[in-house]
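These notes concern the structure reproduced below.
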Protein chains: 2
Amino acid sequence: MNKTPSDDFYYALVAFLMQTKQHIVTVAVEHGLTGVQALTLLSLKSRDERSMTELCKQYDCDASNVTGIVDGLEQKGLVSRQPHPHDRRIKLIHLEEAGRTVQKKLIADIAGTSPDMFNGLADAEIEQLAALIQKMNP
Amino acid sequence: MNKTPSDDFYYALVAFLMQTKQHIVTVAVEHGLTGVQALTLLSLKSRDERSMTELCKQYDCDASNVTGIVDGLEQKGLVSRQPHPHDRRIKLIHLEEAGRTVQKKLIADIAGTSPDMFNGLADAEIEQLAALIQKMNP
DNA sequence: CTAGATATTTGACACTGTCAAGCATTAATC
DNA sequence: GATTAATGCTTGACAGTGTCAAATATCTAG
């Protein structure tokens with residue numbers, strides 16, 4: 001990174017992080033999920049079968065952490081552990097149909113019940129923000 | 001919110017949230033703070049003396065939560081509880097000089113050691129992102 | 001084939017966050 | 001002005017989250 005944003009940016013960034021996370025957690029609990037379970041479910045794309053390790057590398061957390069989270073999602077039937085075709089050590093996390101359904105509900109609720117989430121931004125600016133965040137995490 | 005971003009935006013948003021939070025936590029631990037202590041310290045502007053309640057409303061968390069976090073920061077001498085001039089129930093959280101110093105170090109480390117935080121964004125785009133996030137949390 | 005590396009899991013333990021209850025202080029009602 | 005209600009903060013109990021060290025199973029390199 002060449003450019004260093006101002007201190008004010010970091011105040012705002014932290015506020016944005018905490019507010020957004022809290023909002024997602026609140027919606028998650030209404031759907032019978034814990035906060036991290038919802039965040040993990042939301043991070044899974046339909047096709048994309050990632051291994052436990054890939055997931056924990058992406059979030060820079062301990063592998064044992066992922067075990068517990070996936071356990072919870074698997075018990076609810078939202079994801080399943082699939083064997084890797086060429087490496088029996090690896091377990092691929094597969095998003096089940098039920099998981100996709102819950103995921104869609106979560107997204108709808110997060111978007112729908114968050115009049116304040118993008119508070120102060122015009123539609124065009126929301127699109128800009130969405131584009132930038134997607135560019136960082138393609 | 002009139003505009004509803006695509007599902008892909010939410011995958012990216014969640015990834016951004018988790019990565020950024022993890023990155024801040026990592027830097028925090030290097031400075032002897034817990035993750036939430038660092039986030040709270042980072043959210044305090046120099047002048048701005050907010051009450052416990054204001055802080056917990058901003059993050060939509062329980063008041064008792066803030067008590068513990070401020071306890072930790074106060075023990076380290078980074079913030080202090082000041083009496084409100086007109087209401088003796090209220091305690092205002094004051095950022096001490098030492099707290100401001102640590103805050104600046106945190107920001108420098110977060111910015112400096114995060115070549116990946118804004119990965120894929122050009123300088124102009126980082127400025128755009130910073131402006132949008134600041135606009136949401138003025 | 002053996003030694004080392006990798007993927008995941010388990011159990012122990014600290015940190016985080018919520019809830020219910022309690023104390024002190026202020027505001028509202030009579 | 002006295003009583004009741006509301007607000008701000010703290011405490012203690014308890015679920016959730018995250019890390020570490022150790023263990024197992026499997027793969028890779030020499």
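To be explicit about the labels: the chains of the structure tokens are called A, B, and onward in the order shown, and within each one the residues are counted from 1, while ligands get numbers from 1 in the order they are shown.
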
Check: What residues in region 39-108 of chain B get the DSSP label alpha helix (DSSP H)? Please answer as a PyMOL selection string.
Finding: chain B and resi 39-43+52-58+63-75+97-108

Selected residues, N, CA, C and O atoms, written as a tab-separated table (two decimals), in the first residue's frame, please.
```
chain	number	residue	atom	x	y	z
B	39	LEU	N	-9.90	-2.13	19.21
B	39	LEU	CA	-10.98	-1.58	18.41
B	39	LEU	C	-11.63	-0.40	19.11
B	39	LEU	O	-11.94	0.61	18.50
B	40	THR	N	-11.84	-0.55	20.42
B	40	THR	CA	-12.46	0.53	21.17
B	40	THR	C	-11.53	1.75	21.23
B	40	THR	O	-11.97	2.88	21.00
B	41	LEU	N	-10.27	1.50	21.50
B	41	LEU	CA	-9.30	2.60	21.54
B	41	LEU	C	-9.26	3.32	20.20
B	41	LEU	O	-9.25	4.55	20.13
B	42	LEU	N	-9.29	2.53	19.13
B	42	LEU	CA	-9.23	3.12	17.79
B	42	LEU	C	-10.48	3.92	17.46
B	42	LEU	O	-10.45	4.77	16.59
B	43	SER	N	-11.56	3.63	18.14
B	43	SER	CA	-12.80	4.33	17.80
B	43	SER	C	-12.93	5.65	18.55
B	43	SER	O	-13.85	6.42	18.31
B	52	MET	N	-20.26	5.82	28.47
B	52	MET	CA	-20.32	4.38	28.28
B	52	MET	C	-21.53	4.03	27.40
B	52	MET	O	-21.43	3.26	26.45
B	53	THR	N	-22.66	4.58	27.75
B	53	THR	CA	-23.89	4.27	27.03
B	53	THR	C	-23.81	4.66	25.56
B	53	THR	O	-24.26	3.92	24.68
B	54	GLU	N	-23.25	5.83	25.29
B	54	GLU	CA	-23.12	6.26	23.90
B	54	GLU	C	-22.30	5.25	23.10
B	54	GLU	O	-22.63	4.92	21.96
B	55	LEU	N	-21.23	4.79	23.74
B	55	LEU	CA	-20.37	3.84	23.06
B	55	LEU	C	-21.10	2.53	22.77
B	55	LEU	O	-21.02	1.98	21.66
B	56	CYS	N	-21.84	2.03	23.76
B	56	CYS	CA	-22.49	0.73	23.54
B	56	CYS	C	-23.67	0.87	22.60
B	56	CYS	O	-24.01	-0.07	21.90
B	57	LYS	N	-24.29	2.04	22.56
B	57	LYS	CA	-25.36	2.24	21.57
B	57	LYS	C	-24.79	2.25	20.17
B	57	LYS	O	-25.35	1.68	19.24
B	58	GLN	N	-23.63	2.89	20.01
B	58	GLN	CA	-23.02	2.98	18.69
B	58	GLN	C	-22.74	1.59	18.12
B	58	GLN	O	-22.89	1.36	16.92
B	63	ALA	N	-24.37	-2.77	27.73
B	63	ALA	CA	-23.59	-1.80	28.48
B	63	ALA	C	-22.51	-2.49	29.32
B	63	ALA	O	-21.40	-1.99	29.46
B	64	SER	N	-22.86	-3.67	29.86
B	64	SER	CA	-21.91	-4.36	30.73
B	64	SER	C	-20.65	-4.75	29.98
B	64	SER	O	-19.57	-4.89	30.56
B	65	ASN	N	-20.79	-4.91	28.70
B	65	ASN	CA	-19.65	-5.24	27.86
B	65	ASN	C	-18.63	-4.11	27.87
B	65	ASN	O	-17.42	-4.33	28.03
B	66	VAL	N	-19.15	-2.89	27.72
B	66	VAL	CA	-18.28	-1.72	27.68
B	66	VAL	C	-17.53	-1.55	29.00
B	66	VAL	O	-16.36	-1.16	29.02
B	67	THR	N	-18.19	-1.87	30.11
B	67	THR	CA	-17.54	-1.76	31.42
B	67	THR	C	-16.21	-2.51	31.43
B	67	THR	O	-15.18	-1.96	31.80
B	68	GLY	N	-16.26	-3.77	31.02
B	68	GLY	CA	-15.06	-4.59	31.03
B	68	GLY	C	-13.97	-4.08	30.11
B	68	GLY	O	-12.79	-4.07	30.47
B	69	ILE	N	-14.36	-3.64	28.92
B	69	ILE	CA	-13.37	-3.15	27.96
B	69	ILE	C	-12.68	-1.90	28.50
B	69	ILE	O	-11.45	-1.79	28.48
B	70	VAL	N	-13.48	-0.95	29.01
B	70	VAL	CA	-12.92	0.29	29.53
B	70	VAL	C	-12.07	0.01	30.77
B	70	VAL	O	-11.03	0.64	30.98
B	71	ASP	N	-12.50	-0.97	31.58
B	71	ASP	CA	-11.68	-1.39	32.72
B	71	ASP	C	-10.25	-1.71	32.27
B	71	ASP	O	-9.28	-1.22	32.85
B	72	GLY	N	-10.17	-2.52	31.25
B	72	GLY	CA	-8.87	-2.94	30.74
B	72	GLY	C	-8.04	-1.77	30.25
B	72	GLY	O	-6.85	-1.65	30.57
B	73	LEU	N	-8.67	-0.89	29.48
B	73	LEU	CA	-7.95	0.27	28.93
B	73	LEU	C	-7.54	1.23	30.05
B	73	LEU	O	-6.48	1.85	29.99
B	74	GLU	N	-8.39	1.32	31.08
B	74	GLU	CA	-8.09	2.23	32.18
B	74	GLU	C	-6.92	1.70	33.01
B	74	GLU	O	-6.05	2.47	33.42
B	75	GLN	N	-6.90	0.38	33.23
B	75	GLN	CA	-5.79	-0.21	33.99
B	75	GLN	C	-4.45	0.04	33.31
B	75	GLN	O	-3.42	0.16	33.96
B	97	GLU	N	-3.23	10.85	27.17
B	97	GLU	CA	-2.09	11.07	26.26
B	97	GLU	C	-1.46	9.73	25.86
B	97	GLU	O	-1.16	9.50	24.69
B	98	ALA	N	-1.28	8.86	26.86
B	98	ALA	CA	-0.70	7.54	26.57
B	98	ALA	C	-1.58	6.77	25.59
B	98	ALA	O	-1.08	6.05	24.72
B	99	GLY	N	-2.88	6.92	25.74
B	99	GLY	CA	-3.81	6.25	24.85
B	99	GLY	C	-3.70	6.75	23.42
B	99	GLY	O	-3.72	5.98	22.46
B	100	ARG	N	-3.53	8.05	23.30
B	100	ARG	CA	-3.37	8.65	21.98
B	100	ARG	C	-2.09	8.15	21.31
B	100	ARG	O	-2.07	7.90	20.11
B	101	THR	N	-1.06	8.00	22.12
B	101	THR	CA	0.21	7.50	21.59
B	101	THR	C	0.05	6.08	21.07
B	101	THR	O	0.46	5.77	19.94
B	102	VAL	N	-0.57	5.22	21.88
B	102	VAL	CA	-0.78	3.84	21.45
B	102	VAL	C	-1.69	3.80	20.22
B	102	VAL	O	-1.46	3.04	19.28
B	103	GLN	N	-2.70	4.63	20.24
B	103	GLN	CA	-3.62	4.69	19.10
B	103	GLN	C	-2.86	4.99	17.82
B	103	GLN	O	-3.06	4.34	16.79
B	104	LYS	N	-1.96	5.95	17.89
B	104	LYS	CA	-1.18	6.33	16.70
B	104	LYS	C	-0.29	5.17	16.25
B	104	LYS	O	-0.14	4.92	15.05
B	105	LYS	N	0.29	4.46	17.24
B	105	LYS	CA	1.13	3.32	16.88
B	105	LYS	C	0.30	2.23	16.22
B	105	LYS	O	0.74	1.60	15.25
B	106	LEU	N	-0.88	1.97	16.77
B	106	LEU	CA	-1.75	0.96	16.18
B	106	LEU	C	-2.06	1.30	14.73
B	106	LEU	O	-1.96	0.46	13.84
B	107	ILE	N	-2.46	2.55	14.53
B	107	ILE	CA	-2.83	2.97	13.18
B	107	ILE	C	-1.65	2.81	12.24
B	107	ILE	O	-1.78	2.29	11.12
B	108	ALA	N	-0.47	3.23	12.71
B	108	ALA	CA	0.71	3.12	11.86
B	108	ALA	C	0.98	1.65	11.51
B	108	ALA	O	1.27	1.32	10.36
```

task = Find the residues in chain A near chain B: any atom within 6 Å counts, using only C-alpha atoms. Write them as a PyMOL selection string.
result = chain A and resi 1+3+9+11-12+19+42-43+59+115+119-120+123+130+134+136-137

Got time to write the residues from that selection, all heavy atoms, as a compact mmCIF listing (two decimals), in the first residue's frame?
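Written output follows (selection.txt):
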```txt
# COMPACT_ATOMS: atom_id res chain seq x y z
N MET A 1 0.86 -1.20 0.00
CA MET A 1 0.00 0.00 0.00
C MET A 1 0.88 1.23 0.00
O MET A 1 1.70 1.43 0.90
CB MET A 1 -0.88 0.00 1.25
CG MET A 1 -2.00 0.97 1.16
SD MET A 1 -3.09 0.83 2.59
CE MET A 1 -2.12 1.66 3.83
N LYS A 3 -0.45 4.46 -0.36
CA LYS A 3 -1.21 5.56 0.23
C LYS A 3 -1.61 5.20 1.65
O LYS A 3 -2.11 4.12 1.91
CB LYS A 3 -2.48 5.76 -0.61
CG LYS A 3 -3.07 7.13 -0.49
CD LYS A 3 -2.30 8.13 -1.33
CE LYS A 3 -2.82 9.53 -1.04
NZ LYS A 3 -1.96 10.54 -1.64
N PHE A 9 -9.99 8.14 8.87
CA PHE A 9 -10.44 6.97 8.15
C PHE A 9 -10.50 5.76 9.07
O PHE A 9 -11.43 4.97 9.02
CB PHE A 9 -9.54 6.67 6.96
CG PHE A 9 -9.75 5.29 6.39
CD1 PHE A 9 -10.96 4.96 5.79
CD2 PHE A 9 -8.77 4.32 6.49
CE1 PHE A 9 -11.18 3.70 5.29
CE2 PHE A 9 -8.98 3.04 5.99
CZ PHE A 9 -10.18 2.73 5.38
N TYR A 11 -10.88 5.70 12.40
CA TYR A 11 -12.04 5.81 13.30
C TYR A 11 -13.29 5.28 12.60
O TYR A 11 -14.07 4.50 13.15
CB TYR A 11 -12.30 7.27 13.71
CG TYR A 11 -11.15 7.98 14.38
CD1 TYR A 11 -10.86 9.30 14.06
CD2 TYR A 11 -10.39 7.35 15.35
CE1 TYR A 11 -9.82 9.97 14.69
CE2 TYR A 11 -9.35 8.01 15.97
CZ TYR A 11 -9.06 9.31 15.64
OH TYR A 11 -8.04 9.98 16.25
N ALA A 12 -13.47 5.73 11.37
CA ALA A 12 -14.67 5.37 10.60
C ALA A 12 -14.66 3.89 10.23
O ALA A 12 -15.70 3.22 10.30
CB ALA A 12 -14.77 6.23 9.34
N GLN A 19 -20.17 -2.06 13.68
CA GLN A 19 -21.60 -1.93 13.43
C GLN A 19 -22.09 -3.03 12.48
O GLN A 19 -23.11 -3.68 12.73
CB GLN A 19 -21.92 -0.57 12.81
CG GLN A 19 -21.93 0.55 13.81
CD GLN A 19 -21.97 1.91 13.14
OE1 GLN A 19 -22.24 2.01 11.95
NE2 GLN A 19 -21.70 2.95 13.91
N LEU A 42 -22.21 -17.18 5.12
CA LEU A 42 -22.30 -16.10 4.14
C LEU A 42 -21.06 -16.02 3.25
O LEU A 42 -21.10 -15.46 2.17
CB LEU A 42 -22.49 -14.76 4.85
CG LEU A 42 -23.90 -14.46 5.33
CD1 LEU A 42 -23.91 -13.22 6.19
CD2 LEU A 42 -24.85 -14.29 4.15
N SER A 43 -19.96 -16.58 3.74
CA SER A 43 -18.73 -16.48 2.95
C SER A 43 -18.61 -17.60 1.93
O SER A 43 -17.69 -17.59 1.11
CB SER A 43 -17.52 -16.48 3.88
OG SER A 43 -17.26 -17.80 4.32
N TYR A 59 -9.15 -16.26 6.65
CA TYR A 59 -9.47 -15.38 7.77
C TYR A 59 -8.36 -15.34 8.79
O TYR A 59 -8.51 -14.78 9.86
CB TYR A 59 -10.78 -15.83 8.42
CG TYR A 59 -11.90 -15.80 7.43
CD1 TYR A 59 -12.75 -16.88 7.30
CD2 TYR A 59 -12.07 -14.71 6.60
CE1 TYR A 59 -13.75 -16.86 6.36
CE2 TYR A 59 -13.06 -14.69 5.65
CZ TYR A 59 -13.90 -15.77 5.54
OH TYR A 59 -14.88 -15.76 4.60
N PRO A 115 -31.66 -0.21 7.34
CA PRO A 115 -31.78 1.10 6.74
C PRO A 115 -30.58 1.98 7.09
O PRO A 115 -30.30 2.95 6.40
CB PRO A 115 -33.06 1.66 7.35
CG PRO A 115 -33.24 0.90 8.62
CD PRO A 115 -32.66 -0.43 8.38
N ASN A 119 -26.06 4.14 5.70
CA ASN A 119 -26.65 5.43 6.03
C ASN A 119 -25.79 6.57 5.47
O ASN A 119 -24.59 6.58 5.65
CB ASN A 119 -26.76 5.57 7.55
CG ASN A 119 -27.72 6.67 7.91
OD1 ASN A 119 -28.55 7.08 7.11
ND2 ASN A 119 -27.58 7.16 9.13
N GLY A 120 -26.44 7.48 4.80
CA GLY A 120 -25.73 8.64 4.29
C GLY A 120 -25.18 8.46 2.89
O GLY A 120 -24.68 9.41 2.31
N ASP A 123 -27.50 5.96 -3.73
CA ASP A 123 -27.48 4.68 -4.45
C ASP A 123 -26.20 4.49 -5.25
O ASP A 123 -25.59 3.42 -5.22
CB ASP A 123 -28.70 4.59 -5.40
CG ASP A 123 -29.96 4.24 -4.62
OD1 ASP A 123 -29.87 4.09 -3.39
OD2 ASP A 123 -31.02 4.11 -5.24
N ALA A 130 -19.74 -1.15 -3.07
CA ALA A 130 -19.85 -2.58 -3.36
C ALA A 130 -18.79 -3.01 -4.36
O ALA A 130 -18.15 -4.05 -4.20
CB ALA A 130 -21.25 -2.88 -3.88
N GLN A 134 -15.77 -5.64 -3.54
CA GLN A 134 -15.68 -6.86 -4.35
C GLN A 134 -14.34 -6.95 -5.06
O GLN A 134 -13.82 -8.05 -5.27
CB GLN A 134 -16.82 -6.90 -5.37
CG GLN A 134 -18.15 -7.26 -4.73
CD GLN A 134 -19.27 -7.34 -5.76
OE1 GLN A 134 -19.32 -8.25 -6.56
NE2 GLN A 134 -20.16 -6.36 -5.72
N MET A 136 -11.54 -6.02 -3.86
CA MET A 136 -10.54 -6.49 -2.90
C MET A 136 -10.67 -7.98 -2.62
O MET A 136 -9.71 -8.65 -2.26
CB MET A 136 -10.71 -5.73 -1.57
CG MET A 136 -10.11 -4.35 -1.58
SD MET A 136 -10.20 -3.61 0.06
CE MET A 136 -11.93 -3.25 0.20
N ASN A 137 -11.89 -8.51 -2.74
CA ASN A 137 -12.14 -9.92 -2.42
C ASN A 137 -12.89 -10.61 -3.56
O ASN A 137 -14.07 -10.90 -3.44
CB ASN A 137 -12.97 -10.02 -1.13
CG ASN A 137 -12.20 -9.50 0.06
OD1 ASN A 137 -11.38 -10.18 0.62
ND2 ASN A 137 -12.49 -8.26 0.44
```

Item to complete: Find the residue from C:DA20, C:DA12, C:DC1, C:DA7 that sits nearest to DT11 (chain D); use only C-alpha atoms (C1' of nucleotides) when measuring.
Response: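 Closest candidate: C:DA20.
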
task: Give the residues of chain C that lie within 9 Å of chain A; count only C-alpha atoms (C1' of nucleotides), and format the answer as a ChimeraX atom specification.
output: /C:6-10

Problem - d(CA of His31 (chain A), C1' of DT19 (chain D)) in Å - result: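 CA of His31 (chain A) sits 27.9 Å away from C1' of DT19 (chain D).
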
Practice task
Please determine the contact residues of chain D with respect to chain B at a cut-off of 9 Å, counting only C-alpha atoms (C1' of nucleotides), and supply them as a ChimeraX atom specification.
Solution key: /D:7-11

If you run DSSP on the backbone here, which positions in chain B get strand (DSSP E or B)? Please write them as a short mmCIF file (atom, residue, chain, number, x, y, z; two decimals) with C-alpha atoms, in the first residue's frame.
```
data_model
loop_
_atom_site.label_atom_id
_atom_site.label_comp_id
_atom_site.auth_asym_id
_atom_site.auth_seq_id
_atom_site.Cartn_x
_atom_site.Cartn_y
_atom_site.Cartn_z
CA ARG B 50 -18.38 9.85 24.99
CA SER B 51 -20.25 8.14 27.80
CA VAL B 79 -8.22 6.10 28.99
CA SER B 80 -9.87 7.43 32.14
CA ARG B 81 -13.42 7.75 33.38
CA GLN B 82 -14.32 11.39 33.92
CA PRO B 83 -17.44 12.62 35.72
CA LYS B 91 -18.98 8.58 33.18
CA LEU B 92 -17.22 10.09 30.20
CA ILE B 93 -14.44 8.12 28.59
CA HIS B 94 -11.42 10.35 28.17
CA LEU B 95 -8.56 9.40 25.87
#
```

Correct to one decimal, the distance CA of Pro85 (chain A)-C1' of DC27 (chain D) is 13.4 Å

Here C1' of DT18 (chain C) and CA of Thr34 (chain B) stand apart by 19.3 Å
